[in-house]
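A.B. asks: Provided herewith is a single structure, encoded as structure tokens, for subsequent inquiry.
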Protein chains: 2
Amino acid sequence: MSRRFWWWSCVFGVGVATAAEPPKRPEVVASVTSPDKVLRVEVGLDEGRASYTIKRFGETLIAPSRLGFLLRGAEKLERNLVLAAQSGSSHDETWEQPWGESRLVRNHYNELRVTLTETLKAKRSFEVIFRVFDDGVGFRYVFPEQPQLREVIIDDELTEFHVAPEATAWWIPAGEWNRYEYLYNRTPLTEVGQAHTPMTIRTRDGVHIAFHEAALIDYAAMWLRRVEGQRFKAQLSPASEGWKVRRAAPFSTPWRTLRIADSAAALYASNLELNLNEPNRLGDVSWFRPAKYVGVWWELHLERSSWARGAKHGATTANTRRYIDFAAEHGFRGVLVEGWNHGWDGNWFGDGNDFDFTRATEDFDLPALAAYAKSRGVHLVGHHETGGAVSHYERQLGAALDLYAKHGVDVIKTGYVADAGQIERFDRQGGPALREWHDGQWQSRHHLRVVTEAAKRHIAINPHEPIKDTGLRRTYPNWVSREGARGMEYAAWGNPQNPPEHEVNLVFTRMLAGPMDYTPGIVSLQGRTHPIPSTLAKQLALYVVIYSPIQMVADLPEHYAEHTDAFQFIQDVAVDWAETRVLNGEIGDYVTIARKDRNSETWFLGSLSDEHGRVLQVPLSFLTPGKTYRAEIYRDGDDAHYRDHRFAFATEQRDVQSSDMLILRIAPGGGQAIRFVAR
Amino acid sequence: MSRRFWWWSCVFGVGVATAAEPPKRPEVVASVTSPDKVLRVEVGLDEGRASYTIKRFGETLIAPSRLGFLLRGAEKLERNLVLAAQSGSSHDETWEQPWGESRLVRNHYNELRVTLTETLKAKRSFEVIFRVFDDGVGFRYVFPEQPQLREVIIDDELTEFHVAPEATAWWIPAGEWNRYEYLYNRTPLTEVGQAHTPMTIRTRDGVHIAFHEAALIDYAAMWLRRVEGQRFKAQLSPASEGWKVRRAAPFSTPWRTLRIADSAAALYASNLELNLNEPNRLGDVSWFRPAKYVGVWWELHLERSSWARGAKHGATTANTRRYIDFAAEHGFRGVLVEGWNHGWDGNWFGDGNDFDFTRATEDFDLPALAAYAKSRGVHLVGHHETGGAVSHYERQLGAALDLYAKHGVDVIKTGYVADAGQIERFDRQGGPALREWHDGQWQSRHHLRVVTEAAKRHIAINPHEPIKDTGLRRTYPNWVSREGARGMEYAAWGNPQNPPEHEVNLVFTRMLAGPMDYTPGIVSLQGRTHPIPSTLAKQLALYVVIYSPIQMVADLPEHYAEHTDAFQFIQDVAVDWAETRVLNGEIGDYVTIARKDRNSETWFLGSLSDEHGRVLQVPLSFLTPGKTYRAEIYRDGDDAHYRDHRFAFATEQRDVQSSDMLILRIAPGGGQAIRFVAR
């Protein structure tokens, strides 16, 4: 959900001016290679300044780039450094995800740990840990316990990323009024201003790199600010106090990550950030069930009903029963209801806002609906819209979660609709709100607080207007999905709507971070004001291409009744995967992904194109050799087009084997979805 | 073979100035779509001028582009036209190649035939036949019998190709002093001057197009001259008479072809030009045997021996016996000998040049060597270097072929070393030579004369410094290979040598035309003056990637003795294929091709990169499901590099199946070769 509040006009200064001269010829003091020896990280010192370099096949990919910090009330922790210690290790394990895009994940890297110590009197130290995988590099800083640096107040992180070969970037702006809900820019890397991560680039020579971070815990999110040319610097999301991060040592920063691959497909296939997160801390999470859900949502965006009470109120007992019946009839597990609680028609903002997370509106009978849902074998999906008044929400959090737990609600969609930098924080009684960023240190703590409190009650969390995903679902597997990009709602009222290339851009940028609750499946292809620039087949393909363990079946029941052929795929498609294969793809152009259901031998394939039609040859080598599968094909009709033939659509069935090659004909703005059922 | 003759300095004017205004909004008078309905060709008339347009998924790929001619002594056959007739048909057949990259070829298209007639008093007519395939478009002009146009003298062909979307081009210049032996340029399409075909482009949206021609018979080759922006015009190779082409009606022009695909791999997989050629006219050609050959060649380029007689003469009886023994010992069928005949040390040029194609030098005993070869189960490969004195060669052609036939020589390498536009033609007794182009109408007739004369004697032809390949091997399957690009010889003495990207560029440009006698396998990696910028593994990969039914094992026997591990692959690799799959590739960056031996269940894989290293994920889905194969892997060593670690090389074996994924690690300037033997 997203509303713009135009009163936000404060232009944010982008940090302290710390653009030092780039390192020139640092002396290499330590190095480590990837297991396949393709990547090499070198740590250098250059007149006491630390830097790192990444080489690939001996060629410089990331030119010498600074490491270090500007600490409050102290000198830069960047100069006068010496290498005090270094150590190396190797690691190779395969771990299992409780749910996800693949059951097994291999975590195979060589590690280098360096300790850098000042030669000056303070003799402050920090460590940098580099993990070099075949598919990329992660590094983090560690502040060890040291008497001269018990509390660390970071005014600026000086980490740089200096891309050597000429490159094109796909990116959205950071530090602007919006959070993450932008269309992607494709520009020369030299034309990026300040970008959110993941930012994906392709060099002129075809190397793909995605910059991101992993394990963002109790720290400010990293933006990428271009200093000059292709040299970028970490820009930490600000805190209301003026600094960026305040922590007591010992602590570690998040990992700064670079996925590196020769193709967009291989970039997507990497599990770098998941591998850099800590293992599951929640133990058995089988209480979370990947599933599809329906609900009172799209009708709100169409303005057929309203979040607020009154004649048009959507979240009524009767209307919710209608969705419960629809879900039960078609085998969908969840029923989301937005606007069920008090506060939507009151004051959204400020300490005294009216959102009450334990009080339903008069026309919504939560206990009765929960009982009815249970009797029909479905579950309500909870909803907590904070309006950005986070302190207000936190005060009610325990009771709000308890209420849902009591009624069998085990997934909650949360919401933080407020402009960037406008999260309301009240540390003081009665004083004005402090304004925090959606991705600052304070909000990073908040999200984890909600997730851990929910976990205690066996509830999964799906935040909208969230902090970005940095792989924490590995450690907290009840953090199941999130928004954090322009979703389907922009098809209802966006100006502009999401263009056909948007989802293909998402796959190779935002989706590298983790699951997205995109809410696909609008088979009516009609927004509130404009037709949706998509073919019917594309709405089905989105279920396979845009990964989430909870997938909304977002259109209205009456619309599905008009498209029973397409609806069959939505009923059949799985949501939890044993394996994922990216069969082809170019950033912003097209992508084809195949996934194997975790609970059967069935495979699914989804393919999307941008505004251009494509003919893609796809070998079916992912199928089990020797087996025959019935391919249930949902494709664009011959004259399908996202502008004027959106509903041109065809279904067909044929028997296929792993040795077959399919030719996918994707219309402009179109897609294709296939279910492969083992015979 | 290539020598430069710098006395060539005549700058050729590039045709009559005929750059008309591009057609604006022609009225569509006829149209035809591809079988899959993705491509659509529209024929338009615009104030009596004819044009065609190509649309893909409804989007304009080739904007309205002129059709027509400028005829000598007559008005342009372009204006005042009306559509006199049109007809359509469909065609779908699968035909078999006697040898090639695949045994079966599907020929599936829709055809549109339009007759355009002048409204003026002459009422001249011509037809245009469009064939629209799923993978591209071909069109040709037909001049029917008509009293007012019995003889057609073409001063200029007005055909245009106006590319609509912004594109990048890979191309070599045409109309310069050289023939085809250039390094490939990669430029914006707007920076092409005049290019040979195949010229390959990639649009900003990822559509790949290769412009070429098919069935170049008794006509001048087409160059592509950029008129303005992305608008190109056919520029016919000149004739010494001043016109471009002179023919008696009825006749057809060659097909103008555009392969169109969403990937470089799919572009290569197309058989468009073969399909547009006439079926085999020679009947049973099983007398041609695809094979590998060795010979007196690389030592000449190293200047260890000489073509000319004297102390260093290479083509001696003793030296040839050495190669015959080497071939026999290792199972290679052919032994090429260059410099065996009289004339190399005499006058190369002019009517009275000294090349004698039936007289061996004193130190070369052709009958004895032929008999010795036969006794050892091998065959001499003939050699006819003309020095460009083509009339001189033609006078001896019958006797020269007879001599070889008598001695069991069934493959001849011909040569036309002369600068572009310097083929010597003598129609008159005693007069000065006329100067023809390597790809003009006169020389197109010459090549076919040689090929058909050779076919009568069951001899195959492999011309160097040839006319380009336009798929005539379908009609004349004894035209088995040719050079027509910078081959391995440039590694011996080129300045510059072929850089690492050259062969990858070739695959997606020159190799779209047909087989190339690249003469790979220089395991010594050392030219006459410089090291060869290649790894050892790459020399092996070239046997799979650069297709030819006759493949030279080009290095010296003593060099192979020093690299027996690598040499094993060269002995094992097949030369005739049942199937070919392009597994991945980007123009000028990298490519991986798998091919199945036509005579066994064995598959081979070759992969090349440019000057950058690559990590490529390759599903082995081409293997037969359920079968286990022993993969014999010949790869770059961990620190291999084309500059300073050329010999870093490793071999390994492992069992694989069709469901496996191999990760190919290709060094900068490196390659990988694999043989998959069914267990």
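The way I read the labels, and the way they are meant: chains A, B, ... in the order of the structure tokens, residue 1 as the first residue of every chain, and ligand 1 as the first ligand shown, with later ones counted on from there.
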So which residues touch Ile62 in chain A within 6 Å, counting only C-alpha atoms, skipping near sequence neighbours fewer than 5 positions away, as a list in words?

C.D. replies: Thr53, Ile54, His162, Val163 and Ala164 of chain A

A.B. asks: Next, write the just-selected residues to a file, as an mmCIF file, in the first residue's frame, keeping C-alpha atoms as the atom set.

C.D. replies:
```
data_model
loop_
_atom_site.group_PDB
_atom_site.id
_atom_site.type_symbol
_atom_site.label_atom_id
_atom_site.label_comp_id
_atom_site.auth_asym_id
_atom_site.auth_seq_id
_atom_site.Cartn_x
_atom_site.Cartn_y
_atom_site.Cartn_z
ATOM 1 C CA THR A 53 40.626 -4.695 -4.656
ATOM 2 C CA ILE A 54 38.660 -7.421 -6.451
ATOM 3 C CA HIS A 162 35.215 1.592 -7.449
ATOM 4 C CA VAL A 163 34.058 -0.273 -10.531
ATOM 5 C CA ALA A 164 36.891 -0.580 -13.045
#
```

A.B. asks: Leaving out Arg25 in chain B and any residue of its chain fewer than 3 positions from it, which residues lie within 9 Å of it when counting only C-alpha atoms, given as a ChimeraX atom specification?

C.D. replies: /B:28,44-46,64

A.B. asks: With the cut-off set at 7 Å and counting only C-alpha atoms, tabulate each residue of chain B with an atom at most that distance from an atom of chain A, showing the nearest atom pair and its distance in Å to one decimal, ordered by chain and increasing number, as CSV.

C.D. replies:
```
residue,atom,partner,partner_atom,distance
B:Lys37,CA,A:Asp638,CA,6.8
B:Phe57,CA,A:Gly613,CA,5.6
B:Asp205,CA,A:Asp589,CA,6.8
B:Asp262,CA,A:Arg614,CA,6.3
B:Asp589,CA,A:Asp205,CA,6.8
B:Gly613,CA,A:Phe57,CA,5.6
B:Arg614,CA,A:Asp262,CA,6.3
B:Val615,CA,A:Asp262,CA,6.3
B:Leu616,CA,A:Asp262,CA,6.9
B:Ser621,CA,A:Ser621,CA,4.9
B:Phe622,CA,A:Ser659,CA,6.9
B:Pro625,CA,A:Pro625,CA,5.0
B:Gly626,CA,A:Pro625,CA,6.1
B:Asp638,CA,A:Lys37,CA,6.8
B:Ser659,CA,A:Ser621,CA,6.2
B:Ala667,CA,A:Phe57,CA,6.7
B:Pro668,CA,A:Phe57,CA,6.8
```

A.B. asks: Please provide as a ChimeraX atom specification all residues within 10 Å of range 428-437 of chain B, with the sequence filter that same-chain residues fewer than 3 positions apart are discarded (counting only C-alpha atoms).

C.D. replies: /B:175,179,220-221,237-241,349-352,388-391,418-425,440-444,467

A.B. asks: Pick the closest to Glu21 in chain A from A:His313, A:Arg72, A:Arg231, A:His645: which is it, counting only C-alpha atoms?

C.D. replies: A:Arg231

A.B. asks: I'd like the contact shell of Pro515 in chain A - 9 Å cut-off, only C-alpha atoms, skipping same-chain residues fewer than 3 positions apart - returned as a ChimeraX atom specification.

C.D. replies: /A:100,469,480-483,510-512,518,546-550

A.B. asks: Hey, can you spit out that residue selection with N, CA and C atoms as a tab-separated table (two decimals), in the first residue's frame?

C.D. replies:
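Full text of part07.tsv as output:
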```
chain	number	residue	atom	x	y	z
A	100	GLY	N	11.57	-21.97	0.67
A	100	GLY	CA	12.40	-21.09	-0.15
A	100	GLY	C	12.40	-21.47	-1.61
A	469	ASP	N	15.30	-6.33	2.21
A	469	ASP	CA	15.63	-7.70	2.59
A	469	ASP	C	17.13	-7.90	2.44
A	480	VAL	N	8.76	-13.79	6.27
A	480	VAL	CA	8.54	-14.62	5.09
A	480	VAL	C	8.52	-13.86	3.77
A	481	SER	N	8.09	-12.63	3.79
A	481	SER	CA	8.05	-11.89	2.54
A	481	SER	C	8.03	-10.41	2.89
A	482	ARG	N	7.99	-9.58	1.90
A	482	ARG	CA	7.82	-8.15	2.12
A	482	ARG	C	7.51	-7.51	0.77
A	483	GLU	N	7.23	-6.22	0.82
A	483	GLU	CA	7.00	-5.49	-0.42
A	483	GLU	C	8.34	-4.85	-0.79
A	510	ARG	N	15.69	-5.94	-7.37
A	510	ARG	CA	15.00	-6.15	-6.11
A	510	ARG	C	14.88	-7.61	-5.69
A	511	MET	N	14.58	-8.49	-6.65
A	511	MET	CA	14.33	-9.89	-6.30
A	511	MET	C	15.60	-10.63	-5.90
A	512	LEU	N	16.76	-10.06	-6.20
A	512	LEU	CA	18.00	-10.66	-5.70
A	512	LEU	C	18.03	-10.61	-4.18
A	518	TYR	N	4.21	-9.50	-4.32
A	518	TYR	CA	3.89	-8.64	-5.47
A	518	TYR	C	2.38	-8.56	-5.71
A	546	ILE	N	8.12	-14.19	-9.96
A	546	ILE	CA	8.32	-13.31	-8.79
A	546	ILE	C	8.11	-14.15	-7.53
A	547	TYR	N	9.20	-14.50	-6.89
A	547	TYR	CA	9.12	-15.46	-5.79
A	547	TYR	C	8.59	-14.85	-4.50
A	548	SER	N	7.66	-15.58	-3.88
A	548	SER	CA	7.25	-15.33	-2.50
A	548	SER	C	6.64	-16.61	-1.96
A	549	PRO	N	6.91	-16.95	-0.71
A	549	PRO	CA	6.27	-18.15	-0.14
A	549	PRO	C	4.82	-17.90	0.22
A	550	ILE	N	4.43	-16.63	0.23
A	550	ILE	CA	2.99	-16.34	0.33
A	550	ILE	C	2.64	-15.52	-0.89
```

A.B. asks: Restricting the calculation to only C-alpha atoms, which member of A:Arg322, A:Phe69, A:Asp439, A:Trp297 is positioned closest to Trp223 in chain A?

C.D. replies: A:Asp439

A.B. asks: Identify which of the residues B:His392, B:His91, B:Arg113, B:Arg635 lies closest to Trp348 in chain B, counting only C-alpha atoms when measuring atom-to-atom distances.

C.D. replies: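 Closest candidate: B:His392.
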
A.B. asks: Applying 8 Å and only C-alpha atoms, which residues near range 144-151 of chain B remain after dropping the ones on its own chain fewer than 5 positions away? List them as a short mmCIF file (atom, residue, chain, number, x, y, z; two decimals) with N, CA, C and O atoms, in the first residue's frame.

C.D. replies:
```
data_model
loop_
_atom_site.label_atom_id
_atom_site.label_comp_id
_atom_site.auth_asym_id
_atom_site.auth_seq_id
_atom_site.Cartn_x
_atom_site.Cartn_y
_atom_site.Cartn_z
N ALA B 122 7.05 1.69 -71.36
CA ALA B 122 7.87 0.47 -71.47
C ALA B 122 7.21 -0.71 -70.77
O ALA B 122 7.35 -1.85 -71.20
N ARG B 124 7.91 -2.30 -68.15
CA ARG B 124 8.79 -3.36 -67.68
C ARG B 124 8.22 -3.94 -66.37
O ARG B 124 7.57 -3.23 -65.60
N SER B 125 8.52 -5.19 -66.13
CA SER B 125 8.03 -5.87 -64.93
C SER B 125 9.18 -6.54 -64.20
O SER B 125 10.17 -6.95 -64.82
N PHE B 126 9.06 -6.61 -62.91
CA PHE B 126 9.90 -7.57 -62.18
C PHE B 126 9.07 -8.13 -61.03
O PHE B 126 8.06 -7.55 -60.64
N GLU B 127 9.52 -9.27 -60.55
CA GLU B 127 8.84 -9.88 -59.42
C GLU B 127 9.76 -9.82 -58.20
O GLU B 127 10.98 -9.76 -58.33
N ARG B 246 25.49 -8.18 -65.66
CA ARG B 246 24.88 -8.25 -66.99
C ARG B 246 24.32 -9.65 -67.16
O ARG B 246 25.06 -10.64 -67.07
N ARG B 247 23.02 -9.73 -67.37
CA ARG B 247 22.37 -11.03 -67.49
C ARG B 247 21.30 -11.00 -68.58
O ARG B 247 20.71 -9.95 -68.85
N ALA B 248 21.04 -12.16 -69.15
CA ALA B 248 19.91 -12.29 -70.07
C ALA B 248 18.70 -12.76 -69.27
O ALA B 248 18.82 -13.67 -68.45
N ALA B 249 17.57 -12.11 -69.48
CA ALA B 249 16.34 -12.54 -68.82
C ALA B 249 15.83 -13.81 -69.50
O ALA B 249 16.10 -14.00 -70.70
N PRO B 250 15.13 -14.71 -68.81
CA PRO B 250 14.75 -14.59 -67.40
C PRO B 250 15.90 -14.99 -66.46
O PRO B 250 16.68 -15.86 -66.79
N PHE B 251 15.94 -14.33 -65.33
CA PHE B 251 16.90 -14.74 -64.29
C PHE B 251 16.44 -14.20 -62.93
O PHE B 251 15.59 -13.31 -62.87
#
```

A.B. asks: Using CA of His212 in chain A and CA of Val411 in chain A as the two end points, give the distance in Å to one decimal.

C.D. replies: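 So the answer is 27.3 Å.
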
A.B. asks: Determine which residues of range 56-172 of chain B receive a DSSP assignment of strand (DSSP E or B), computed from the backbone, and state them as an NGL selection string.

C.D. replies: :B and (56 or 59-66 or 69-71 or 77 or 81-96 or 104-118 or 125-133 or 136-143 or 151-157 or 160-163 or 167-171)

A.B. asks: Would you mind exporting the chosen residues as a CSV table (one decimal), in the first residue's frame, restricted to C-alpha atoms?

C.D. replies:
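Written out: out-v7.csv:
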```csv
chain,number,residue,atom,x,y,z
B,56,ARG,CA,8.2,-8.3,-35.4
B,59,GLU,CA,6.8,-3.6,-34.1
B,60,THR,CA,8.8,-2.2,-37.0
B,61,LEU,CA,12.3,-3.8,-37.2
B,62,ILE,CA,13.1,-2.8,-40.8
B,63,ALA,CA,11.4,0.5,-41.7
B,64,PRO,CA,10.1,0.9,-45.2
B,65,SER,CA,13.1,0.2,-47.5
B,66,ARG,CA,13.3,0.6,-51.2
B,69,PHE,CA,17.2,-1.2,-59.8
B,70,LEU,CA,19.1,1.4,-61.9
B,71,LEU,CA,19.5,-0.2,-65.3
B,77,LEU,CA,13.2,0.4,-62.4
B,81,LEU,CA,5.1,0.9,-60.4
B,82,VAL,CA,1.8,-0.8,-59.7
B,83,LEU,CA,1.1,-4.2,-58.2
B,84,ALA,CA,0.2,-6.3,-61.2
B,85,ALA,CA,-0.2,-9.6,-59.3
B,86,GLN,CA,0.4,-11.3,-56.0
B,87,SER,CA,0.3,-14.9,-54.9
B,88,GLY,CA,1.1,-16.8,-51.7
B,89,SER,CA,2.1,-20.3,-50.7
B,90,SER,CA,3.4,-22.3,-47.8
B,91,HIS,CA,6.2,-24.7,-47.6
B,92,ASP,CA,7.3,-27.2,-44.9
B,93,GLU,CA,9.8,-30.0,-45.6
B,94,THR,CA,12.8,-31.5,-43.9
B,95,TRP,CA,15.8,-32.3,-46.0
B,96,GLU,CA,19.0,-34.2,-45.3
B,104,LEU,CA,18.3,-32.8,-41.0
B,105,VAL,CA,17.3,-29.3,-41.8
B,106,ARG,CA,13.7,-28.0,-41.6
B,107,ASN,CA,12.7,-25.6,-44.3
B,108,HIS,CA,9.4,-24.0,-43.2
B,109,TYR,CA,8.2,-20.7,-44.6
B,110,ASN,CA,5.4,-18.7,-46.1
B,111,GLU,CA,6.0,-17.2,-49.5
B,112,LEU,CA,4.6,-14.1,-51.1
B,113,ARG,CA,5.3,-13.4,-54.8
B,114,VAL,CA,4.5,-9.9,-56.1
B,115,THR,CA,4.7,-8.7,-59.7
B,116,LEU,CA,5.5,-5.0,-60.0
B,117,THR,CA,4.9,-3.4,-63.4
B,118,GLU,CA,5.6,0.1,-64.7
B,125,SER,CA,8.0,-5.9,-64.9
B,126,PHE,CA,9.9,-7.6,-62.2
B,127,GLU,CA,8.8,-9.9,-59.4
B,128,VAL,CA,9.9,-10.0,-55.8
B,129,ILE,CA,9.6,-13.3,-53.9
B,130,PHE,CA,9.6,-13.1,-50.1
B,131,ARG,CA,10.1,-16.1,-48.0
B,132,VAL,CA,9.3,-15.5,-44.3
B,133,PHE,CA,10.6,-18.1,-41.9
B,136,GLY,CA,14.2,-14.6,-40.6
B,137,VAL,CA,13.3,-13.3,-44.1
B,138,GLY,CA,14.7,-13.8,-47.6
B,139,PHE,CA,13.7,-12.0,-50.7
B,140,ARG,CA,14.9,-12.1,-54.3
B,141,TYR,CA,14.1,-10.3,-57.5
B,142,VAL,CA,13.0,-12.2,-60.6
B,143,PHE,CA,13.4,-10.7,-64.1
B,151,GLU,CA,19.2,-8.2,-71.6
B,152,VAL,CA,19.5,-6.6,-68.2
B,153,ILE,CA,22.6,-4.5,-67.4
B,154,ILE,CA,22.5,-3.5,-63.8
B,155,ASP,CA,24.3,-0.3,-62.8
B,156,ASP,CA,23.0,-0.3,-59.3
B,157,GLU,CA,20.7,-2.4,-57.1
B,160,GLU,CA,17.6,-0.9,-48.9
B,161,PHE,CA,17.7,-2.1,-45.3
B,162,HIS,CA,16.6,0.5,-43.0
B,163,VAL,CA,17.0,-0.7,-39.4
B,167,ALA,CA,21.7,-1.1,-32.8
B,168,THR,CA,25.3,-2.1,-32.4
B,169,ALA,CA,27.1,-3.7,-35.4
B,170,TRP,CA,29.9,-6.3,-35.9
B,171,TRP,CA,31.4,-5.8,-39.3
```

A.B. asks: For range 557-563 of chain B, please output as a VMD selection string all residues within 8 Å (counting only C-alpha atoms; exclusion window: fewer than 3 positions along the same chain).

C.D. replies: chain B and resid 323 326 523 to 524 566 to 567

A.B. asks: Please compute the CA of Met552 in chain B-CA of Lys292 in chain B distance, one decimal, in Å.

C.D. replies: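 Value for the CA of Met552 in chain B-CA of Lys292 in chain B distance: 5.5 Å.
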
A.B. asks: Can you work out the spacing between CA of Thr564 in chain A and CA of Ile412 in chain A in Å, to one decimal?

C.D. replies: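 Interatomic distance here is 29.2 Å.
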
A.B. asks: Once DSSP has gone over the backbone, tell me which residues of range 296-352 of chain B are in helix (DSSP H, G or I), as a PyMOL selection string.

C.D. replies: chain B and resi 298-301+317-330

A.B. asks: Just the residues within 8 Å of Gln539 in chain B, please, counting only C-alpha atoms, with nothing from its chain fewer than 5 positions along; format it as a list in words.

C.D. replies: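 Once the nearby chain positions are removed, what remains is Pro520, Gly521, Ile522, Val523, Ser534 and Gly671 of chain B.
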
A.B. asks: Would you mind exporting the chosen residues as a PDB file, in the first residue's frame, restricted to N, CA and C atoms?

C.D. replies:
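Generated file (part_39.pdb):
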```
ATOM      1  N   PRO B 520      43.171 -24.814 -37.346  1.00  0.00           N
ATOM      2  CA  PRO B 520      43.477 -24.637 -35.925  1.00  0.00           C
ATOM      3  C   PRO B 520      44.506 -25.656 -35.441  1.00  0.00           C
ATOM      4  N   GLY B 521      44.672 -25.707 -34.137  1.00  0.00           N
ATOM      5  CA  GLY B 521      45.474 -26.760 -33.515  1.00  0.00           C
ATOM      6  C   GLY B 521      46.953 -26.440 -33.420  1.00  0.00           C
ATOM      7  N   ILE B 522      47.307 -25.168 -33.311  1.00  0.00           N
ATOM      8  CA  ILE B 522      48.727 -24.809 -33.167  1.00  0.00           C
ATOM      9  C   ILE B 522      49.092 -24.929 -31.681  1.00  0.00           C
ATOM     10  N   VAL B 523      49.423 -26.142 -31.280  1.00  0.00           N
ATOM     11  CA  VAL B 523      49.669 -26.413 -29.856  1.00  0.00           C
ATOM     12  C   VAL B 523      50.996 -25.819 -29.384  1.00  0.00           C
ATOM     13  N   SER B 534      46.684 -17.192 -27.163  1.00  0.00           N
ATOM     14  CA  SER B 534      45.680 -18.245 -26.985  1.00  0.00           C
ATOM     15  C   SER B 534      46.211 -19.191 -25.920  1.00  0.00           C
ATOM     16  N   GLY B 671      39.856 -21.508 -23.573  1.00  0.00           N
ATOM     17  CA  GLY B 671      38.792 -22.331 -24.124  1.00  0.00           C
ATOM     18  C   GLY B 671      38.673 -23.629 -23.358  1.00  0.00           C
TER      19      GLY B 671
END
```
